[in-house]
Amino acid sequence: MIGDVLAARSQMAMSLAFHILFAVVGIGMPVLMVIAEVRWRRTGDALHLELAKRWAKGTAILFAVGAVSGTVLSFELGLLWPGFMHFAGAIIGMPFSLEGFAFFTEAIFLGVYLYGWDRIPPRAHIGAGVLVALSGAASAIFVVIANAWMNSPAGFRMVNGRPVDIDPVAAMVTPAAFPETLHMVIAAYAATGFVVAGIHAFLLLRDPGNAFHRRALAVALLVGAPAAIVQPISGDISARYVARWQPAKLAAMEGQFRTERGAPLRLGGIPDVNARETRHAIEIPYGLSLLAFHDPRAEVRGLDAVPRENWPPVAIVHVAFQVMVALGTYMALVSLWAAVTALRKRRVAANRALLAAIAIAGPMGFIAIEAGWTVTEVGRQPWIIYGVLRTADAVTPMPGLVVPFITFTLLYCFLGVIVVWLLYEHVHRSPRIFEIEARAGLVSGTPP
Amino acid sequence: MTGLVSLPALLAAVMLVSLTAYVLSGGADYGGGVWDLLASGPRRDRQRDLIAHAIGPIWEANHVWLILVVVLLFTCFPAAFSTLAVVLHVPLSLMLIGIVLRGSAFTFRTYGGDESAAQRRWGRTFAIASVVTPILLGICIGAVASERPGHAALRIAAAERGASFGALYIAPWLTPFSVAVGVLALALFAFLAATYLTVEAPDDELREDFRRRALATALLVFVAAFGVLLIAHLGAGPPRVAAQLTSRWWALPVHVLTGIAALGAIWALYTRRWRLARVAAALQVTLILWGWALAQYPYLVPPHLSIGAAAAPRRTLVLTLWALAIGAVALLPSLVYLLGVFRGRAGAAGRG
Ligand code: HDD
Ligand code: HEM
Ligand code: HEM
């Protein structure tokens, strides 16, 4: 049996990993849906209207699961980490309260959007959609601000092991706040854009020329591709933040055991904690110093600068980081390819190799998000509040935490299967209905 | 401490208002689930449709009141939040499972295609979770009032040796008193829902169906409330709350007003004054909640954590209050707008 702390960590990680999937869709989908609606209102092309409606409906299904899993999380903060919440509640409650308002706004205007199609004027309807999109992003920004505080705590002084002089505003503008929120919001657009583009690219490979999928692909790429192209830049900002403020995390990400000047960038490789070296990596000389500090001779602190008991699990962090960067690089390259194709006035949808590349990239954004959070959270260990409170000291005293861990894991697996099945139905039904309507001349956008 | 006007007390009052909003709106949604489970007779499917429509677009929005309570609790009273989360881990986790199943089943049923077998299965899940969750919510509230979680928390904090899991994490909430409060919560939610549905019903047949249900649950509420009081006075209940509810100056007026609201709701239902019945029912439930809060005041987690002792530093409280004010100014008009849009739609579909 696993120990209580490990069970609690696993339950937290599992709940967050589950929630983030729906949260990301709640951030990205409204943007796609609004773009489709605007295109429909401009051109009168009924396929865009159908897209907007379908996406809104898909968003509603996922939104509900996002909301309930988020509710679970806000309880779990206390159920699993009462020591943390006792310490931090007064300091970081603020962003969570603001997140509540952002979510309320999102829920209200999603309702207006879903039920207002023919009840409110077009402008008001688009406005409602825009508000859903904005408040989705605001939700993400506020929670990630709370997480940023855990990585770079500020806004209090420690006296006898308790925080005093609490300043919740200072706690919201920590060094990690900007890089993390920026990287997260862009990640959400990249991931949602690519998962939708991937699905429709796949369907286009089987049914070339289908006008419905072509339009869906265009809208999805419009959101996903620019985001994927700028993501490595914002990732660099994140990495430089980590290098400066969380050297142990950076060393784990890079498998850097020794402190050295002109440190190399390691691609791949497996860190061996006992031998204190990373094997089988491709090393690019000076690469890490250059990337992390923009100076090839800069000193990079290795894990040897950190007491052994304060090391994060090195292998997990290193591998997760490599996965994120590899996937991010692939997505950025595919996006550039698509952008060049579009700029040269060629049809993305007519290029089968490109379609295949996009289809493969479909799930990558979500995998990169899970990997990235693994880097951030596991890389922070053994601290729950970096340098201030240890994870093991924050856990609930209740024994037997494996039981809730297993229960919630089963519950979420069950929900996950259902959601995937419903979405599969949702996607699969679409083209057929469309062909029928198109044949009956009900829609204007039939393929040429 | 200047009594009610202290900053922590003000925020505690906001939490109470938010909890009241949750019970009046979200509680009725749970009640709707109960009537979905118990739908019967020739109009069974139409009853279910009406319930689904009434819950419809605002389910998420109703739910947010609970989140607000939780977030305010951990921001403004972190000590109370962590204490309750430790001792009530088991019932809170069970409640969360209920919330997850209910929320997702409702959405899956609404949006999940037209296959009727699957629809029915989601309907069942939704309805059963709607029955279990309010009971657990009531159990948690009853437990807090009974002071047992407070005592258990003190024992856990003292790292008492030899205390069993059951004694620390189960016994504090699994008492006849808490369970009776759980049943009372369920009865109240079902009563609220049936009363609201008489207003929402599109025709007289459905309205009569729910009138009968509302009247029956009104009696059930009386029985359950009587049971709660009886257990409390037999000494198995909350020492402080029970004493306050009988001895304080406000006790009699609160009892009388609650009684008037309750009888008023029954009378209005009996004489088919639907809107009045809705107001009276909401008032009755509000008074019950506020009576409990007054009786427990100034304790959040009796016997040891008072509002003042658990409160966060002043700065946090002031900022939270500002955030609440700004949020309310922005959100209330939006909510009214949503309800307007939805009412319009419902009206077009032949409801009013
Ligand atoms: C679509 C998803 C996605 C993609 C393509 C990338 N990332 Fe990322 N990354 C995330 C999604 C993400 C994330 C899940 O959103 C994280 C977790 C915490 C955060 O702020 O963002 C993250 C964290 C994260 C961190 C840790 C920040 C911290 O601990 O505070 C670094 C250093 C990077 N990323 C760097 C990169 C680089 C150099 C990329 C180059 C391609 C990259 N990411 C692509
Ligand atoms: C932005 C809001 C987030 C907050 C406030 C937050 C908070 C926490 C807390 C309190 C813990 C438990 C203590 C610990 O182990 O350090 C934790 C652990 C963890 N979280 Fe996060 N988290 C956030 C986002 C995420 C997301 C989106 C993921 C997605 C995968 C994630 C993955 C994990 C993992 C993997 C752990 C376990 C780390 C370990 O035990 O090694 N977190 N997080
Ligand atoms: C400890 C971490 C987290 C907690 C406690 C949390 C809490 C919640 C809660 C309670 C909700 C439901 C809304 C409500 O009723 O107020 C929610 C929804 C949401 N959360 Fe989280 N969340 C966490 C992590 C995250 C992360 C890491 C992100 C994104 C980056 C995120 C983005 C969202 C979004 C966009 C929604 C809106 C619902 C949707 O669109 O699906 N949350 N969250």
# chains A, B, ... in the order shown; residues from 1 in each chain; ligands from 1
call {"tool": "residues_near_ligand", "arguments": {"ligand": "ligand 1", "cutoff": "8 Å", "atoms": "only C-alpha atoms and all ligand atoms", "output": "count of residues only"}}
result
57
call {"tool": "residues_near_ligand", "arguments": {"ligand": "ligand 2", "cutoff": "8 Å", "atoms": "only C-alpha atoms and all ligand atoms", "output": "MDAnalysis selection string"}}
result
chainID A and resid 6 8:10 12:14 16:20 77 80:81 84 140 143:148 150 312:313 369:385 391 394
call {"tool": "interface_residues", "arguments": {"of": "chain B", "to": "chain A", "cutoff": "8 Å", "atoms": "only C-alpha atoms", "output": "PyMOL selection string"}}
result
chain B and resi 57-58+60-61+64+67-68+70-72+74-79+81-83+85-86+89+93+96-97+99-100+103-104+107-108+111-113+156+165+169+312-313+315-316+319-320+323+327+331+334-335+338+341-342+344-345
call {"tool": "closest_atom_pairs", "arguments": {"of": "region 275-322 of chain B", "to": "region 208-223 of chain B", "cutoff": "12 Å", "atoms": "only C-alpha atoms", "output": "CSV"}}
result
residue,atom,partner,partner_atom,distance
B:Ala277,CA,B:Ala214,CA,9.8
B:Arg278,CA,B:Ala214,CA,10.4
B:Ala280,CA,B:Ala218,CA,11.7
B:Ala281,CA,B:Ala218,CA,9.2
B:Gln284,CA,B:Val221,CA,10.7
B:Val285,CA,B:Val221,CA,10.3
B:Ile288,CA,B:Val221,CA,11.3
call {"tool": "select_by_dssp", "arguments": {"residues": "region 33-267 of chain B", "states": "alpha helix (DSSP H)", "output": "PyMOL selection string"}}
result
chain B and resi 33-37+44-55+59-76+78-87+89-111+116-146+148-157+165+176-200+204-231+239-247+251-267
call {"tool": "residues_around", "arguments": {"residues": "region 31-46 of chain A", "least_positions_apart": "3", "cutoff": "8 Å", "atoms": "only C-alpha atoms", "output": "PyMOL selection string"}}
result
chain A and resi 27-28+49-53+55-56+126+129-130+133+193+219-220+223+443-445
call {"tool": "write_last_selection", "arguments": {"atoms": "all heavy atoms", "output": "CSV table (one decimal), in the first residue's frame"}}
result
chain,number,residue,atom,x,y,z
A,27,ILE,N,-11.6,27.4,-21.9
A,27,ILE,CA,-10.9,28.6,-22.3
A,27,ILE,C,-10.9,28.8,-23.8
A,27,ILE,O,-11.1,29.9,-24.3
A,27,ILE,CB,-9.5,28.6,-21.7
A,27,ILE,CG1,-9.5,28.5,-20.2
A,27,ILE,CG2,-8.7,29.9,-22.1
A,27,ILE,CD1,-8.2,28.0,-19.6
A,28,GLY,N,-10.6,27.7,-24.5
A,28,GLY,CA,-10.4,27.8,-25.9
A,28,GLY,C,-11.6,27.7,-26.8
A,28,GLY,O,-11.8,28.5,-27.7
A,49,LEU,N,-22.7,28.7,-39.1
A,49,LEU,CA,-23.7,28.8,-38.0
A,49,LEU,C,-23.7,27.4,-37.4
A,49,LEU,O,-23.7,27.3,-36.1
A,49,LEU,CB,-25.0,29.1,-38.6
A,49,LEU,CG,-26.2,29.0,-37.6
A,49,LEU,CD1,-26.0,30.0,-36.5
A,49,LEU,CD2,-27.5,29.3,-38.3
A,50,GLU,N,-23.8,26.4,-38.2
A,50,GLU,CA,-23.9,25.0,-37.7
A,50,GLU,C,-22.6,24.7,-36.8
A,50,GLU,O,-22.8,24.1,-35.7
A,50,GLU,CB,-23.9,24.0,-38.8
A,50,GLU,CG,-24.1,22.6,-38.4
A,50,GLU,CD,-25.5,22.4,-37.7
A,50,GLU,OE1,-26.4,23.2,-38.0
A,50,GLU,OE2,-25.6,21.4,-36.9
A,51,LEU,N,-21.5,25.1,-37.2
A,51,LEU,CA,-20.3,25.0,-36.4
A,51,LEU,C,-20.4,25.6,-35.1
A,51,LEU,O,-20.1,25.0,-34.0
A,51,LEU,CB,-19.1,25.6,-37.1
A,51,LEU,CG,-18.2,24.7,-38.0
A,51,LEU,CD1,-17.1,25.5,-38.6
A,51,LEU,CD2,-17.7,23.5,-37.2
A,52,ALA,N,-20.8,26.9,-35.1
A,52,ALA,CA,-20.9,27.7,-33.8
A,52,ALA,C,-21.9,27.0,-32.9
A,52,ALA,O,-21.6,26.8,-31.7
A,52,ALA,CB,-21.4,29.1,-34.1
A,53,LYS,N,-23.0,26.5,-33.4
A,53,LYS,CA,-24.0,25.8,-32.6
A,53,LYS,C,-23.4,24.5,-32.0
A,53,LYS,O,-23.6,24.2,-30.8
A,53,LYS,CB,-25.3,25.5,-33.3
A,53,LYS,CG,-26.0,26.8,-33.6
A,53,LYS,CD,-27.5,26.5,-33.9
A,53,LYS,CE,-28.3,27.8,-33.8
A,53,LYS,NZ,-29.6,27.7,-34.2
A,55,TRP,N,-20.3,23.7,-31.6
A,55,TRP,CA,-19.2,23.9,-30.6
A,55,TRP,C,-19.8,24.4,-29.3
A,55,TRP,O,-19.3,24.1,-28.2
A,55,TRP,CB,-18.2,24.9,-31.2
A,55,TRP,CG,-17.3,24.3,-32.2
A,55,TRP,CD1,-17.1,22.9,-32.3
A,55,TRP,CD2,-16.5,24.9,-33.2
A,55,TRP,NE1,-16.2,22.7,-33.3
A,55,TRP,CE2,-15.8,23.9,-33.9
A,55,TRP,CE3,-16.3,26.2,-33.6
A,55,TRP,CZ2,-14.9,24.1,-34.9
A,55,TRP,CZ3,-15.4,26.5,-34.6
A,55,TRP,CH2,-14.7,25.4,-35.3
A,56,ALA,N,-20.8,25.2,-29.4
A,56,ALA,CA,-21.4,25.7,-28.2
A,56,ALA,C,-22.0,24.6,-27.4
A,56,ALA,O,-21.9,24.5,-26.1
A,56,ALA,CB,-22.5,26.7,-28.5
A,126,ILE,N,-23.2,37.9,-30.0
A,126,ILE,CA,-21.7,37.8,-30.1
A,126,ILE,C,-21.1,38.3,-28.9
A,126,ILE,O,-20.1,37.7,-28.4
A,126,ILE,CB,-21.3,38.5,-31.4
A,126,ILE,CG1,-21.8,37.8,-32.6
A,126,ILE,CG2,-19.8,38.7,-31.4
A,126,ILE,CD1,-21.4,38.4,-33.9
A,129,GLY,N,-20.9,35.7,-26.3
A,129,GLY,CA,-19.8,34.8,-26.6
A,129,GLY,C,-18.5,35.3,-26.2
A,129,GLY,O,-17.6,34.6,-25.7
A,130,VAL,N,-18.2,36.6,-26.6
A,130,VAL,CA,-16.9,37.2,-26.2
A,130,VAL,C,-16.7,37.2,-24.7
A,130,VAL,O,-15.7,36.9,-24.2
A,130,VAL,CB,-16.9,38.6,-26.8
A,130,VAL,CG1,-15.6,39.3,-26.3
A,130,VAL,CG2,-16.8,38.6,-28.3
A,133,ALA,N,-15.7,33.9,-23.6
A,133,ALA,CA,-14.2,33.6,-23.8
A,133,ALA,C,-13.3,34.4,-22.9
A,133,ALA,O,-12.4,33.8,-22.3
A,133,ALA,CB,-13.9,34.0,-25.3
A,193,GLY,N,-7.2,24.6,-30.1
A,193,GLY,CA,-7.1,24.8,-31.5
A,193,GLY,C,-6.7,23.5,-32.2
A,193,GLY,O,-7.3,23.0,-33.2
A,219,VAL,N,-11.1,27.6,-38.9
A,219,VAL,CA,-11.3,28.3,-37.7
A,219,VAL,C,-10.3,27.8,-36.6
A,219,VAL,O,-9.7,28.6,-35.9
A,219,VAL,CB,-12.8,28.3,-37.3
A,219,VAL,CG1,-12.9,29.0,-35.9
A,219,VAL,CG2,-13.7,28.9,-38.3
A,220,ALA,N,-10.2,26.5,-36.5
A,220,ALA,CA,-9.4,25.9,-35.4
A,220,ALA,C,-8.0,26.3,-35.6
A,220,ALA,O,-7.3,26.6,-34.6
A,220,ALA,CB,-9.6,24.4,-35.4
A,223,VAL,N,-7.0,29.8,-34.5
A,223,VAL,CA,-6.7,30.0,-33.1
A,223,VAL,C,-5.4,29.2,-32.7
A,223,VAL,O,-4.6,29.7,-32.0
A,223,VAL,CB,-7.9,29.5,-32.2
A,223,VAL,CG1,-7.6,29.5,-30.8
A,223,VAL,CG2,-9.1,30.4,-32.5
A,443,VAL,N,-28.7,24.2,-47.0
A,443,VAL,CA,-27.6,25.1,-46.6
A,443,VAL,C,-26.9,25.6,-47.9
A,443,VAL,O,-26.9,24.9,-48.9
A,443,VAL,CB,-26.6,24.3,-45.7
A,443,VAL,CG1,-27.2,24.2,-44.3
A,443,VAL,CG2,-26.2,23.0,-46.3
A,444,SER,N,-26.3,26.7,-47.7
A,444,SER,CA,-25.7,27.4,-48.9
A,444,SER,C,-24.3,26.9,-49.2
A,444,SER,O,-23.8,27.0,-50.3
A,444,SER,CB,-25.7,28.9,-48.8
A,444,SER,OG,-25.1,29.2,-47.6
A,445,GLY,N,-23.7,26.3,-48.2
A,445,GLY,CA,-22.2,26.1,-48.3
A,445,GLY,C,-21.8,24.7,-48.8
A,445,GLY,O,-20.9,24.1,-48.3
